[in-house]
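Novice: Enclosed is the structure file coords04.cif (mmCIF, C-alpha atoms).
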```
data_final
#
loop_
_atom_site.group_PDB
_atom_site.id
_atom_site.type_symbol
_atom_site.label_atom_id
_atom_site.label_comp_id
_atom_site.auth_asym_id
_atom_site.auth_seq_id
_atom_site.Cartn_x
_atom_site.Cartn_y
_atom_site.Cartn_z
ATOM 1 C CA SER A 1 48.612 -30.414 -11.077
ATOM 2 C CA ALA A 2 47.315 -27.292 -9.398
ATOM 3 C CA VAL A 3 48.740 -23.938 -10.387
ATOM 4 C CA PRO A 4 48.550 -20.962 -7.984
ATOM 5 C CA VAL A 5 46.548 -18.041 -9.308
ATOM 6 C CA GLY A 6 47.507 -14.542 -8.278
ATOM 7 C CA PRO A 7 45.011 -11.981 -7.003
ATOM 8 C CA THR A 8 42.952 -10.079 -9.527
ATOM 9 C CA PRO A 9 43.769 -6.364 -9.376
ATOM 10 C CA ALA A 10 41.036 -3.947 -8.435
ATOM 11 C CA PRO A 11 39.351 -2.428 -11.486
ATOM 12 C CA SER A 12 40.335 1.003 -12.674
ATOM 13 C CA TRP A 13 37.271 3.180 -12.328
ATOM 14 C CA GLY A 14 38.755 6.247 -13.984
ATOM 15 C CA GLY A 15 38.199 9.711 -12.573
ATOM 16 C CA ASP A 16 35.406 10.782 -10.242
ATOM 17 C CA ALA A 17 33.447 12.125 -13.201
ATOM 18 C CA ASP A 18 33.355 8.598 -14.692
ATOM 19 C CA LEU A 19 32.024 6.887 -11.570
ATOM 20 C CA PRO A 20 28.381 5.840 -11.440
ATOM 21 C CA ARG A 21 26.402 6.871 -8.376
ATOM 22 C CA VAL A 22 25.842 3.539 -6.628
ATOM 23 C CA GLY A 23 23.317 2.756 -3.905
ATOM 24 C CA LEU A 24 23.088 -0.372 -1.747
ATOM 25 C CA PHE A 25 19.716 -1.469 -0.378
ATOM 26 C CA GLU A 26 19.910 -3.899 2.549
ATOM 27 C CA ILE A 27 16.667 -5.854 2.824
ATOM 28 C CA PRO A 28 15.452 -4.837 6.306
ATOM 29 C CA ASN A 29 14.756 -7.110 9.266
ATOM 30 C CA SER A 30 16.405 -10.069 7.523
ATOM 31 C CA SER A 31 19.435 -11.857 8.966
ATOM 32 C CA ARG A 32 20.435 -13.004 5.488
ATOM 33 C CA GLY A 33 19.923 -9.469 4.234
ATOM 34 C CA PHE A 34 22.305 -8.211 6.917
ATOM 35 C CA GLU A 35 24.921 -10.823 5.983
ATOM 36 C CA SER A 36 24.676 -10.370 2.229
ATOM 37 C CA ALA A 37 24.714 -6.571 2.374
ATOM 38 C CA GLY A 38 27.698 -6.716 4.729
ATOM 39 C CA GLN A 39 29.600 -8.939 2.319
ATOM 40 C CA THR A 40 28.813 -6.487 -0.470
ATOM 41 C CA ARG A 41 29.998 -3.531 1.587
ATOM 42 C CA TYR A 42 33.284 -5.348 2.163
ATOM 43 C CA VAL A 43 33.800 -5.707 -1.592
ATOM 44 C CA PHE A 44 32.909 -2.076 -2.294
ATOM 45 C CA GLU A 45 35.069 -0.681 0.485
ATOM 46 C CA ASN A 46 38.059 -3.033 0.675
ATOM 47 C CA MET A 47 38.361 -4.705 -2.720
ATOM 48 C CA TRP A 48 36.959 -2.327 -5.316
ATOM 49 C CA ARG A 49 37.350 0.991 -3.455
ATOM 50 C CA LEU A 50 34.059 1.935 -5.057
ATOM 51 C CA PRO A 51 32.127 4.865 -3.546
ATOM 52 C CA TYR A 52 28.514 4.070 -2.713
ATOM 53 C CA ARG A 53 25.792 5.079 -0.305
ATOM 54 C CA SER A 54 23.307 3.057 1.707
ATOM 55 C CA VAL A 55 19.710 3.387 0.554
ATOM 56 C CA THR A 56 16.597 2.919 2.690
ATOM 57 C CA ALA A 57 13.094 1.881 1.711
ATOM 58 C CA ASP A 58 11.912 5.442 2.389
ATOM 59 C CA GLN A 59 14.457 6.778 -0.093
ATOM 60 C CA ILE A 60 13.254 4.313 -2.739
ATOM 61 C CA VAL A 61 9.694 5.483 -2.106
ATOM 62 C CA SER A 62 10.900 9.074 -2.591
ATOM 63 C CA GLY A 63 12.346 8.287 -5.999
ATOM 64 C CA LEU A 64 16.105 7.515 -5.690
ATOM 65 C CA LYS A 65 17.320 10.963 -6.656
ATOM 66 C CA ASN A 66 20.914 11.305 -7.910
ATOM 67 C CA LEU A 67 21.490 7.559 -8.220
ATOM 68 C CA ASP A 68 22.551 5.548 -11.285
ATOM 69 C CA VAL A 69 22.773 1.976 -9.920
ATOM 70 C CA LEU A 70 20.878 0.224 -7.128
ATOM 71 C CA VAL A 71 22.379 -3.011 -5.787
ATOM 72 C CA VAL A 72 20.048 -5.334 -3.844
ATOM 73 C CA PRO A 73 21.805 -8.399 -2.378
ATOM 74 C CA ASP A 74 20.140 -11.512 -0.955
ATOM 75 C CA GLY A 75 17.592 -11.380 1.854
ATOM 76 C CA TYR A 76 13.982 -12.237 2.630
ATOM 77 C CA SER A 77 12.155 -10.490 -0.192
ATOM 78 C CA ASN A 78 8.794 -10.323 1.601
ATOM 79 C CA TYR A 79 10.336 -7.979 4.181
ATOM 80 C CA ALA A 80 11.553 -5.735 1.382
ATOM 81 C CA MET A 81 8.115 -5.646 -0.204
ATOM 82 C CA GLN A 82 6.474 -4.848 3.141
ATOM 83 C CA ALA A 83 8.906 -1.956 3.631
ATOM 84 C CA LEU A 84 8.388 -0.621 0.098
ATOM 85 C CA GLY A 85 4.639 -1.048 -0.192
ATOM 86 C CA SER A 86 2.818 -0.338 -3.422
ATOM 87 C CA THR A 87 4.210 3.204 -3.599
ATOM 88 C CA GLY A 88 7.798 1.983 -3.285
ATOM 89 C CA LYS A 89 7.321 -0.728 -5.905
ATOM 90 C CA ARG A 90 5.917 1.811 -8.334
ATOM 91 C CA ALA A 91 8.712 4.299 -7.572
ATOM 92 C CA LEU A 92 11.382 1.634 -8.090
ATOM 93 C CA LYS A 93 9.932 0.579 -11.428
ATOM 94 C CA ASN A 94 9.687 4.202 -12.571
ATOM 95 C CA TRP A 95 13.309 4.862 -11.561
ATOM 96 C CA VAL A 96 14.548 1.934 -13.655
ATOM 97 C CA ALA A 97 12.298 2.842 -16.577
ATOM 98 C CA ASP A 98 13.769 6.352 -16.522
ATOM 99 C CA GLY A 99 17.324 4.995 -16.905
ATOM 100 C CA GLY A 100 18.339 3.445 -13.592
ATOM 101 C CA ARG A 101 20.157 0.131 -13.350
ATOM 102 C CA PHE A 102 18.991 -2.500 -10.855
ATOM 103 C CA VAL A 103 21.429 -5.254 -9.872
ATOM 104 C CA GLY A 104 20.114 -7.997 -7.586
ATOM 105 C CA TRP A 105 20.656 -11.613 -6.663
ATOM 106 C CA GLN A 106 18.565 -14.318 -5.033
ATOM 107 C CA GLY A 107 16.323 -12.374 -2.626
ATOM 108 C CA GLY A 108 17.202 -9.230 -4.560
ATOM 109 C CA THR A 109 16.080 -10.972 -7.737
ATOM 110 C CA ARG A 110 12.767 -11.776 -6.073
ATOM 111 C CA VAL A 111 12.411 -8.081 -5.214
ATOM 112 C CA ALA A 112 12.829 -7.247 -8.917
ATOM 113 C CA ILE A 113 10.236 -9.866 -9.877
ATOM 114 C CA LYS A 114 7.698 -8.805 -7.242
ATOM 115 C CA ALA A 115 8.143 -5.118 -8.066
ATOM 116 C CA GLY A 116 7.431 -5.805 -11.743
ATOM 117 C CA LEU A 117 10.947 -4.971 -12.943
ATOM 118 C CA SER A 118 11.851 -8.450 -14.141
ATOM 119 C CA SER A 119 9.995 -11.094 -16.140
ATOM 120 C CA ALA A 120 12.288 -13.854 -14.802
ATOM 121 C CA THR A 121 10.917 -16.738 -12.758
ATOM 122 C CA LEU A 122 12.608 -18.597 -9.900
ATOM 123 C CA THR A 123 11.758 -22.250 -9.232
ATOM 124 C CA GLY A 124 12.918 -24.728 -6.616
ATOM 125 C CA THR A 125 14.989 -27.752 -7.615
ATOM 126 C CA HIS A 126 15.952 -31.144 -6.191
ATOM 127 C CA ALA A 127 19.544 -30.812 -7.383
ATOM 128 C CA ASN A 128 21.991 -31.585 -4.597
ATOM 129 C CA ALA A 129 25.252 -29.690 -4.919
ATOM 130 C CA PRO A 130 25.685 -27.665 -1.728
ATOM 131 C CA GLY A 131 28.712 -25.385 -1.949
ATOM 132 C CA THR A 132 29.916 -26.848 -5.250
ATOM 133 C CA LEU A 133 31.639 -24.797 -7.930
ATOM 134 C CA ILE A 134 30.021 -25.313 -11.334
ATOM 135 C CA ARG A 135 31.361 -24.035 -14.627
ATOM 136 C CA THR A 136 28.739 -22.068 -16.538
ATOM 137 C CA THR A 137 28.621 -20.470 -19.974
ATOM 138 C CA LEU A 138 28.241 -16.808 -20.911
ATOM 139 C CA ASP A 139 26.840 -15.078 -23.968
ATOM 140 C CA ALA A 140 29.936 -13.623 -25.621
ATOM 141 C CA ASP A 141 27.843 -10.790 -27.102
ATOM 142 C CA SER A 142 26.720 -9.539 -23.691
ATOM 143 C CA PRO A 143 28.532 -6.550 -22.168
ATOM 144 C CA LEU A 144 28.606 -8.535 -18.920
ATOM 145 C CA ALA A 145 30.931 -11.103 -20.506
ATOM 146 C CA ALA A 146 33.452 -8.528 -21.750
ATOM 147 C CA GLY A 147 36.825 -9.297 -20.198
ATOM 148 C CA VAL A 148 35.409 -12.300 -18.325
ATOM 149 C CA GLY A 149 35.364 -14.972 -21.029
ATOM 150 C CA SER A 150 32.937 -17.522 -22.419
ATOM 151 C CA THR A 151 32.717 -19.480 -19.154
ATOM 152 C CA VAL A 152 32.645 -18.569 -15.477
ATOM 153 C CA TRP A 153 32.723 -20.707 -12.326
ATOM 154 C CA VAL A 154 29.897 -20.036 -9.879
ATOM 155 C CA MET A 155 29.245 -21.282 -6.372
ATOM 156 C CA TYR A 156 26.030 -23.299 -6.380
ATOM 157 C CA ASP A 157 24.390 -23.798 -2.988
ATOM 158 C CA ASN A 158 21.157 -25.601 -3.877
ATOM 159 C CA ASN A 159 19.756 -22.328 -5.183
ATOM 160 C CA ASP A 160 16.516 -21.852 -7.078
ATOM 161 C CA THR A 161 16.708 -22.087 -10.855
ATOM 162 C CA MET A 162 16.021 -19.023 -12.992
ATOM 163 C CA THR A 163 14.206 -18.918 -16.316
ATOM 164 C CA SER A 164 14.428 -15.753 -18.401
ATOM 165 C CA ARG A 165 14.352 -14.934 -22.099
ATOM 166 C CA TYR A 166 17.055 -12.380 -21.263
ATOM 167 C CA SER A 167 19.490 -14.875 -19.755
ATOM 168 C CA VAL A 168 23.122 -14.160 -20.675
ATOM 169 C CA GLY A 169 24.646 -16.954 -18.573
ATOM 170 C CA GLU A 170 23.492 -20.558 -18.164
ATOM 171 C CA PHE A 171 24.295 -23.907 -16.611
ATOM 172 C CA PRO A 172 25.498 -26.267 -19.373
ATOM 173 C CA ALA A 173 24.193 -29.783 -19.778
ATOM 174 C CA PRO A 174 26.093 -32.509 -17.881
ATOM 175 C CA GLY A 175 28.356 -34.336 -20.301
ATOM 176 C CA SER A 176 28.853 -31.311 -22.560
ATOM 177 C CA ASN A 177 32.323 -29.917 -23.166
ATOM 178 C CA ASP A 178 31.585 -26.868 -20.989
ATOM 179 C CA PHE A 179 30.286 -28.829 -17.990
ATOM 180 C CA ALA A 180 32.512 -29.283 -14.939
ATOM 181 C CA THR A 181 32.060 -29.296 -11.155
ATOM 182 C CA SER A 182 34.380 -29.170 -8.162
ATOM 183 C CA GLY A 183 32.543 -31.738 -6.051
ATOM 184 C CA LEU A 184 29.199 -33.299 -5.152
ATOM 185 C CA ALA A 185 26.640 -32.760 -7.911
ATOM 186 C CA GLU A 186 23.555 -34.980 -7.690
ATOM 187 C CA GLY A 187 20.563 -34.343 -9.952
ATOM 188 C CA ILE A 188 22.506 -31.522 -11.561
ATOM 189 C CA ASP A 189 20.833 -32.188 -14.923
ATOM 190 C CA GLN A 190 17.865 -30.219 -13.549
ATOM 191 C CA LEU A 191 19.968 -27.070 -13.889
ATOM 192 C CA SER A 192 20.739 -27.628 -17.575
ATOM 193 C CA GLY A 193 19.816 -24.581 -19.644
ATOM 194 C CA THR A 194 18.631 -22.509 -16.684
ATOM 195 C CA GLY A 195 20.067 -19.064 -16.122
ATOM 196 C CA ILE A 196 22.663 -17.777 -13.703
ATOM 197 C CA VAL A 197 22.270 -14.133 -14.762
ATOM 198 C CA ALA A 198 19.780 -12.175 -16.857
ATOM 199 C CA ASP A 199 20.158 -8.696 -18.341
ATOM 200 C CA GLU A 200 16.705 -7.327 -19.086
ATOM 201 C CA PRO A 201 15.810 -3.931 -20.558
ATOM 202 C CA LEU A 202 13.079 -1.863 -18.963
ATOM 203 C CA ARG A 203 12.497 1.154 -21.200
ATOM 204 C CA ALA A 204 15.600 3.343 -20.669
ATOM 205 C CA GLY A 205 16.960 1.201 -17.793
ATOM 206 C CA ARG A 206 18.393 -2.268 -17.173
ATOM 207 C CA VAL A 207 17.588 -5.020 -14.679
ATOM 208 C CA VAL A 208 20.434 -7.451 -13.982
ATOM 209 C CA THR A 209 19.387 -10.423 -11.862
ATOM 210 C CA PHE A 210 21.203 -13.508 -10.578
ATOM 211 C CA ALA A 211 19.949 -16.936 -9.516
ATOM 212 C CA ILE A 212 23.209 -17.539 -7.630
ATOM 213 C CA ASP A 213 25.151 -15.308 -5.242
ATOM 214 C CA PRO A 214 28.031 -13.845 -7.283
ATOM 215 C CA ASN A 215 29.556 -12.564 -4.053
ATOM 216 C CA PHE A 216 29.450 -15.865 -2.116
ATOM 217 C CA GLU A 217 32.406 -15.669 0.313
ATOM 218 C CA ASN A 218 33.982 -13.501 -2.429
ATOM 219 C CA PRO A 219 37.205 -15.386 -3.237
ATOM 220 C CA TYR A 220 36.216 -16.145 -6.832
ATOM 221 C CA THR A 221 37.298 -13.041 -8.647
ATOM 222 C CA ASP A 222 35.890 -13.918 -12.062
ATOM 223 C CA ARG A 223 32.384 -13.812 -10.578
ATOM 224 C CA LEU A 224 33.184 -10.506 -8.900
ATOM 225 C CA SER A 225 34.341 -9.078 -12.214
ATOM 226 C CA LEU A 226 31.092 -10.245 -13.792
ATOM 227 C CA THR A 227 29.145 -8.465 -11.073
ATOM 228 C CA TRP A 228 30.875 -5.233 -10.224
ATOM 229 C CA GLU A 229 33.247 -4.212 -12.965
ATOM 230 C CA ARG A 230 30.715 -4.875 -15.716
ATOM 231 C CA GLU A 231 27.395 -4.076 -14.104
ATOM 232 C CA VAL A 232 27.971 -0.916 -12.151
ATOM 233 C CA MET A 233 29.682 0.867 -15.037
ATOM 234 C CA PRO A 234 27.617 2.395 -17.868
ATOM 235 C CA TYR A 235 27.188 0.328 -21.022
ATOM 236 C CA THR A 236 29.222 1.519 -23.986
#
```
Translate this file's structure into structure tokens.
Specialist:
Amino acid sequence: SAVPVGPTPAPSWGGDADLPRVGLFEIPNSSRGFESAGQTRYVFENMWRLPYRSVTADQIVSGLKNLDVLVVPDGYSNYAMQALGSTGKRALKNWVADGGRFVGWQGGTRVAIKAGLSSATLTGTHANAPGTLIRTTLDADSPLAAGVGSTVWVMYDNNDTMTSRYSVGEFPAPGSNDFATSGLAEGIDQLSGTGIVADEPLRAGRVVTFAIDPNFENPYTDRLSLTWEREVMPYT
């Protein structure tokens, strides 16, 4: 039988001196970029109470001064690349290499790939599981799994699959002990072993990329913990 689950409390960020300086880049001229960035702003402002500032393509080109973390939600990545140009791509890569942390998903992941920050690849799939929750596994040794557990439910919406040698979360094989879904899941074996999140070093910085949207309609607090509480804070 179902058991009600209470709300997850907002994370304790500590004092102002402990807070990372977070920027949010909304992919311009993209309706999905507008939606995804808006959903992220809601989490920052109303759920996490996390200070942040909006970042423009011009500011990325200028070098992202006084910023520790850049969050790039979903959106049409080609528009982002047009806005950044070759100078912006180079500036973004240099910022990460000098110690910045990039966190992106879906279209944001494609921005990381196209800017040369990430070695991950995204590939289409014929799996049919629109809006289905799927239980996935996490690398217990990854800082992103700390306090989250060895498995996490993600919302799969016929997303592209991600392949990365730096994957720290994957879809398990159907029939395995870790595999479970909440509904329709046709051809789901195509997801087996592919990544949901990768944590890739780039010299002094990190690039955290998702194949799925960890903020999808944001009721699933374990995914939010995986994203915000672990990724925006400095590694220990």
Novice: Go through A:Tyr42, A:Tyr166, A:Phe25, A:Trp153 one by one, measure the shortest atom-to-atom distance of each to A:Ser54 using only C-alpha atoms, and give the residue with the smallest value.
Specialist: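 Using only C-alpha atoms, the shortest distance to A:Ser54 belongs to A:Phe25.
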Novice: Just to confirm, what's the straight-line distance from atom CA of A:Thr181 to atom CA of A:Gln106 in Å (one decimal)?
Specialist: 21.1 Å
Novice: Could you tell me which residues the PyMOL selection byres ((chain A and resi 71) around 8) returns for this structure, as a list of chain:residue names?
Specialist: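 So the PyMOL selection byres ((chain A and resi 71) around 8), applied here, picks out A:Val22, A:Gly23, A:Leu24, A:Phe25, A:Val69, A:Leu70, A:Val72, A:Pro73, A:Phe102, A:Val103, A:Gly104.
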Novice: Write out, as a compact mmCIF listing (two decimals), keeping the file's coordinate frame, the residues just selected, with C-alpha atoms.
Specialist:
```txt
# COMPACT_ATOMS: atom_id res chain seq x y z
CA VAL A 22 25.84 3.54 -6.63
CA GLY A 23 23.32 2.76 -3.90
CA LEU A 24 23.09 -0.37 -1.75
CA PHE A 25 19.72 -1.47 -0.38
CA VAL A 69 22.77 1.98 -9.92
CA LEU A 70 20.88 0.22 -7.13
CA VAL A 72 20.05 -5.33 -3.84
CA PRO A 73 21.80 -8.40 -2.38
CA PHE A 102 18.99 -2.50 -10.86
CA VAL A 103 21.43 -5.25 -9.87
CA GLY A 104 20.11 -8.00 -7.59
```
Novice: Please determine, counting all atoms listed in the file, which residue among A:Ala112, A:Ala204, A:Ala198, A:Val168 has the shortest atom-to-atom distance to A:Asp141.
Specialist: A:Val168
Novice: For each of A:Val207, A:Ile188, A:Ala127, A:Met81, take the minimum atom-to-atom distance to A:Ala97, counting only C-alpha atoms, then give the residue where this is smallest.
Specialist: A:Val207
Novice: Stretch 83-93 of chain A: which residues within 9 Å, counting only C-alpha atoms, same-chain residues fewer than 2 positions away excluded, as a list in words?
Specialist: Ile27, Pro28, Ala57, Asp58, Gln59, Ile60, Val61, Ser62, Gly63, Leu64, Asn78, Tyr79, Ala80, Met81, Trp95, Val96, Ala97, Asp98, Val111, Ala112, Lys114, Ala115, Gly116, Leu117 and Leu202 of chain A
Novice: In Å, with one decimal, what is the gap from atom CA of A:Asn128 to atom CA of A:Gly193?
Specialist: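 Distance reported for this atom pair: 16.7 Å.
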Novice: May I ask for the distance between atom CA of A:Gly169 and atom CA of A:Thr132, given in Å to one decimal place?
Specialist: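 Atom-to-atom, atom CA of A:Gly169 and atom CA of A:Thr132 are spaced 17.4 Å apart.
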Novice: Give as a list of chain:residue names the residues that the PyMOL selection byres ((chain A and resi 139) around 10) matches when applied to the coordinates above.
Specialist: A:Thr137, A:Leu138, A:Ala140, A:Asp141, A:Ser142, A:Pro143, A:Leu144, A:Ala145, A:Ala146, A:Gly149, A:Ser150, A:Thr151, A:Ser167, A:Val168, A:Gly169, A:Glu170
Novice: Write out as a PyMOL selection string which residues come within 8 Å of A:His126 when counting all atoms listed in the file, dropping same-chain ones fewer than 4 positions away.
Specialist: chain A and resi 158+187+190
Novice: Near A:Leu50, within 9 Å and counting all atoms listed in the file, which residues show up once chain neighbours fewer than 6 positions away are dropped, as a ChimeraX atom specification?
Specialist: /A:13,19,22,43-44
Novice: Looking at all atoms listed in the file, which of A:Pro51, A:Gly195, A:Gly33, A:Pro172 is the one that sits closest to A:Ala120?
Specialist: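 Of A:Pro51, A:Gly195, A:Gly33, A:Pro172, the one nearest A:Ala120, counting all atoms listed in the file, is A:Gly195.
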Novice: Using all atoms listed in the file, which of A:Ser77, A:Ser36, A:Asn215, A:Thr194 sits nearest A:Gly108?
Specialist: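 Of A:Ser77, A:Ser36, A:Asn215, A:Thr194, the one nearest A:Gly108, counting all atoms listed in the file, is A:Ser77.
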Novice: Evaluate the PyMOL selection byres ((chain A and resi 162) around 7) on the structure here and hand back the selected residues as number ranges by chain.
Specialist: A: 120-123, 160-161, 163-164, 194-196, 211
Novice: Skip A:Arg135 itself and residues of its chain fewer than 6 positions away, then list as number ranges by chain all residues within 6 Å of it, counting only C-alpha atoms.
Specialist: A: 152-153, 179-180
Novice: Smallest atom-to-atom distance to A:Arg32: which of A:Trp105, A:Thr209, A:Tyr76, A:Glu200, using all atoms listed in the file?
Specialist: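 Looking only at the distances to A:Arg32, the closest residue turns out to be A:Tyr76.
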